[in-house]
Structure formats: structure tokens, C-alpha cells
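What follows is one structure encoded as C-alpha cells, with my remarks underneath.
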There are 2 protein chains.
Amino acid sequence: MNLSPGQLDTLFQALGDPTRRAILERLARGPATVTELAAPFDMALPSFLGHVHRLEAAGLVTTAKTGRIRTVTLVPGAFTPVRSWLDDQRALWEGRLDRLDAYVQTLMQETRDDPEP
Amino acid sequence: MNLSPGQLDTLFQALGDPTRRAILERLARGPATVTELAAPFDMALPSFLGHVHRLEAAGLVTTAKTGRIRTVTLVPGAFTPVRSWLDDQRALWEGRLDRLDAYVQTLMQETRDDPEP
């Protein structure tokens with residue numbers, strides 16, 4: 001996946017807020033209207049809509065309006081870029097541990113082949 | 001793992017910056033001095049140190065000073081809370097798909113048991 005640094009910034013920043021993460025957790029169970037989503041929060045509607053728009057701008061949710069009802073849906077695979085970045089970090093880290101292990105094995109072999117008197 | 005929402009906020013916000021992610025990518029290959037880390041960036045040292053301190057405050061790296069040399073090390077398992085949150089979302093999502101599938105299977109069975117004339 002080719003992803004610009006800016007897209008990852010937007011994704012991570014969108015996830016760095018408890019209200020926005022709670023919205024995503026709710027949407028993982030299925031689509032919901034803005035009214036349903038807002039109900040658990042003691043927050044003015046414009047502020048709440050700001051969070052929804054932030055998630056939409058990050059490509060994490062889509063919204064659709066039917067009459068006066070706006071429904072919010074989680075985008076399938078929305079977390080993939082974040083997960084890919086984390087997987088890359090793990091691969092780098094494990095590669096480093098593997099190299100470290102190979103190095104220690106080499107040292108041990110050398111010690112066995114050429115023991116100190 | 002019991003993690004406060006504030007800790008996840010700090011982690012995600014720390015990851016929402018290309019310089020900070022680049023520092024973490026470099027440290028996944030092994031510890032480095034601040035001078036080594038700063039070299040690829042066209043950035044004033046105080047700004048760069050601000051990014052390192054932000055990563056340290058989020059618990060992603062540790063720093064240690066020997067004489068005038070400050071070495072930065074990635075904290076093992078530093079990404080675990082972020083990964084756990086993503087895993088939880090995936091489990092919720094897959095649970096939803098499983099229930100949807102079970103529902104469709106039930107509908108199909110009912111249609112077979114009680115076909116329209």
C-alpha cells in the first residue's frame with residue numbers, strides 16, 4: 001500500500017481522541033445515526049459533529065443523509081494503514097533481534113572452536 | 001492490560017507526526033544517539049529534542065545520558081496498547097460479520113424449510 005506520510009498523520013491524529021475512538025468502537029458493531037452516536041456523550045451537537053467530520057476526513061467513516069437522518073458507517077479496512085505501519089515496526093524489531101541472536105550464536109561457536117586455555 | 005483513555009490519546013498523538021514516526025522507525029533497528037537521530041532532519045536541535053521528549057513522555061522511548069552523549073532506545077512492547085486497541089476493533093467487526101452470516105444462514109434455512117408456493 002502506498003500511503004503518504006500525511007495520510008498516516010491524519011489517521012493517527014484522528015485516533016488520538018477518546019470521543020472519536022468511542023464512536024469507532026460503536027460503529028464496529030454496525031452503522032448508527034448521528035443521534036444514536038451522540039446519545040452517550042454530554043457534548044453540544046456541533047462539537048460532536050466536528051468529531052464525526054474529523055473521522056470522515058481521515059477516511060475512517062462515511063456518512064449518508066436520508067431526509068433528516070444522517071447515518072454513519074465504518075469504512076471496511078479503515079485501520080489497515082495504521083496496522084501496516086505497526087507491522088513494519090514489528091518486522092524491523094524482530095529482524096534486529098534475529099541478527100542479534102545470530103551474532104551471539106557466532107560468538108558462542110567461536111568460543112567453542114577456539115577455547116581459552 | 002488496563003490503560004486509561006488518556007494514555008491511548010498520548011500514544012496515538014505521539015504517532016501522528018512524520019518526524020516522530022521516522023525516529024521510531026530508526027530506533028526499531030537499534031538505539032541511537034540524539035546526534036545520529038537528528039542527522040537526516042533539516043530541523044533546529046531544540047525542535048528535534050521536543051519530538052524526542054514527546055516520544056519519551058508517551059512511554060515509547062527512553063533516553064540515557066553518558067557525559068555529553070544522549071542515547072535514545074525504543075521501549076520493548078511500546079506499541080502494545082495501540083495494537084490491542086486495533087485488535088479489539090477487529091474482533092468487534094468480525095463478531096458483527098459472524099452474526100450477520102449466521103442471520104443470513106437462518107433466513108436461507110427458513111426459506112428452504114418453508115418455500116413460497
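Each chain in the C-alpha cells gets a letter, A, B, ..., in the order shown, and its residues are numbered from 1; ligands are numbered from 1 in order too.
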Closest atom pairs, residues of chain B within 9 Å of chain A, only C-alpha atoms, as JSON lines:
{"residue": "B:Pro5", "atom": "CA", "partner": "A:Pro18", "partner_atom": "CA", "distance": 6.1}
{"residue": "B:Gly6", "atom": "CA", "partner": "A:Pro18", "partner_atom": "CA", "distance": 7.7}
{"residue": "B:Leu8", "atom": "CA", "partner": "A:Gly16", "partner_atom": "CA", "distance": 6.9}
{"residue": "B:Asp9", "atom": "CA", "partner": "A:Gly16", "partner_atom": "CA", "distance": 4.3}
{"residue": "B:Thr10", "atom": "CA", "partner": "A:Gly16", "partner_atom": "CA", "distance": 6.8}
{"residue": "B:Leu11", "atom": "CA", "partner": "A:Gly16", "partner_atom": "CA", "distance": 7.4}
{"residue": "B:Phe12", "atom": "CA", "partner": "A:Gly16", "partner_atom": "CA", "distance": 4.6}
{"residue": "B:Gln13", "atom": "CA", "partner": "A:Gly16", "partner_atom": "CA", "distance": 5.0}
{"residue": "B:Ala14", "atom": "CA", "partner": "A:Phe12", "partner_atom": "CA", "distance": 8.4}
{"residue": "B:Leu15", "atom": "CA", "partner": "A:Phe12", "partner_atom": "CA", "distance": 6.1}
{"residue": "B:Gly16", "atom": "CA", "partner": "A:Asp9", "partner_atom": "CA", "distance": 4.3}
{"residue": "B:Asp17", "atom": "CA", "partner": "A:Asp9", "partner_atom": "CA", "distance": 5.5}
{"residue": "B:Pro18", "atom": "CA", "partner": "A:Pro5", "partner_atom": "CA", "distance": 6.1}
{"residue": "B:Leu24", "atom": "CA", "partner": "A:Gln89", "partner_atom": "CA", "distance": 8.1}
{"residue": "B:Glu25", "atom": "CA", "partner": "A:Gln89", "partner_atom": "CA", "distance": 6.4}
{"residue": "B:Leu27", "atom": "CA", "partner": "A:Trp93", "partner_atom": "CA", "distance": 8.6}
{"residue": "B:Ala28", "atom": "CA", "partner": "A:Trp93", "partner_atom": "CA", "distance": 4.9}
{"residue": "B:Arg29", "atom": "CA", "partner": "A:Arg96", "partner_atom": "CA", "distance": 5.8}
{"residue": "B:Gly30", "atom": "CA", "partner": "A:Arg96", "partner_atom": "CA", "distance": 7.2}
{"residue": "B:Phe79", "atom": "CA", "partner": "A:Leu86", "partner_atom": "CA", "distance": 7.5}
{"residue": "B:Val82", "atom": "CA", "partner": "A:Leu86", "partner_atom": "CA", "distance": 8.8}
{"residue": "B:Arg83", "atom": "CA", "partner": "A:Leu86", "partner_atom": "CA", "distance": 7.6}
{"residue": "B:Leu86", "atom": "CA", "partner": "A:Phe79", "partner_atom": "CA", "distance": 7.5}
{"residue": "B:Asp88", "atom": "CA", "partner": "A:Glu25", "partner_atom": "CA", "distance": 8.6}
{"residue": "B:Gln89", "atom": "CA", "partner": "A:Glu25", "partner_atom": "CA", "distance": 6.4}
{"residue": "B:Arg90", "atom": "CA", "partner": "A:Ala28", "partner_atom": "CA", "distance": 7.9}
{"residue": "B:Ala91", "atom": "CA", "partner": "A:Ala28", "partner_atom": "CA", "distance": 8.8}
{"residue": "B:Leu92", "atom": "CA", "partner": "A:Ala28", "partner_atom": "CA", "distance": 5.7}
{"residue": "B:Trp93", "atom": "CA", "partner": "A:Ala28", "partner_atom": "CA", "distance": 4.9}
{"residue": "B:Glu94", "atom": "CA", "partner": "A:Ala28", "partner_atom": "CA", "distance": 8.7}
{"residue": "B:Gly95", "atom": "CA", "partner": "A:Arg29", "partner_atom": "CA", "distance": 8.0}
{"residue": "B:Arg96", "atom": "CA", "partner": "A:Arg29", "partner_atom": "CA", "distance": 5.7}
Expected answer as a VMD selection string: strand (DSSP E) residues in segment 34-112 of chain A: chain A and resid 61 to 66 69 to 74
I need the residues from that last selection saved to file as a PDB file, in the first residue's frame (with N, CA and C atoms), if you can.
ATOM      1  N   VAL A  61     -14.703   6.837   8.406  1.00  0.00           N
ATOM      2  CA  VAL A  61     -16.153   6.612   8.331  1.00  0.00           C
ATOM      3  C   VAL A  61     -16.706   7.305   7.091  1.00  0.00           C
ATOM      4  N   THR A  62     -17.881   6.846   6.667  1.00  0.00           N
ATOM      5  CA  THR A  62     -18.652   7.576   5.653  1.00  0.00           C
ATOM      6  C   THR A  62     -19.989   7.959   6.281  1.00  0.00           C
ATOM      7  N   THR A  63     -20.592   9.037   5.776  1.00  0.00           N
ATOM      8  CA  THR A  63     -21.918   9.407   6.265  1.00  0.00           C
ATOM      9  C   THR A  63     -22.849   9.558   5.070  1.00  0.00           C
ATOM     10  N   ALA A  64     -24.138   9.262   5.296  1.00  0.00           N
ATOM     11  CA  ALA A  64     -25.146   9.380   4.234  1.00  0.00           C
ATOM     12  C   ALA A  64     -26.413   9.938   4.858  1.00  0.00           C
ATOM     13  N   LYS A  65     -27.048  10.886   4.172  1.00  0.00           N
ATOM     14  CA  LYS A  65     -28.231  11.537   4.721  1.00  0.00           C
ATOM     15  C   LYS A  65     -29.465  11.073   3.963  1.00  0.00           C
ATOM     16  N   THR A  66     -30.496  10.623   4.714  1.00  0.00           N
ATOM     17  CA  THR A  66     -31.794  10.280   4.145  1.00  0.00           C
ATOM     18  C   THR A  66     -32.807  11.147   4.870  1.00  0.00           C
ATOM     19  N   ILE A  69     -32.171  12.329   8.589  1.00  0.00           N
ATOM     20  CA  ILE A  69     -31.386  11.347   9.348  1.00  0.00           C
ATOM     21  C   ILE A  69     -30.027  11.144   8.681  1.00  0.00           C
ATOM     22  N   ARG A  70     -28.943  11.374   9.415  1.00  0.00           N
ATOM     23  CA  ARG A  70     -27.610  11.114   8.878  1.00  0.00           C
ATOM     24  C   ARG A  70     -27.061   9.839   9.526  1.00  0.00           C
ATOM     25  N   THR A  71     -26.735   8.864   8.678  1.00  0.00           N
ATOM     26  CA  THR A  71     -26.225   7.580   9.159  1.00  0.00           C
ATOM     27  C   THR A  71     -24.709   7.514   8.936  1.00  0.00           C
ATOM     28  N   VAL A  72     -24.003   7.011   9.939  1.00  0.00           N
ATOM     29  CA  VAL A  72     -22.540   6.929   9.894  1.00  0.00           C
ATOM     30  C   VAL A  72     -22.129   5.459   9.837  1.00  0.00           C
ATOM     31  N   THR A  73     -21.201   5.130   8.948  1.00  0.00           N
ATOM     32  CA  THR A  73     -20.769   3.749   8.735  1.00  0.00           C
ATOM     33  C   THR A  73     -19.244   3.693   8.778  1.00  0.00           C
ATOM     34  N   LEU A  74     -18.716   2.679   9.435  1.00  0.00           N
ATOM     35  CA  LEU A  74     -17.271   2.453   9.464  1.00  0.00           C
ATOM     36  C   LEU A  74     -16.803   2.013   8.075  1.00  0.00           C
TER      37      LEU A  74
END
Computed interatomic separation between atom CA of Ser47 of chain A and atom CA of Thr33 of chain A (Å):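 One can read the atom CA of Ser47 of chain A to atom CA of Thr33 of chain A distance as 15.9 Å.
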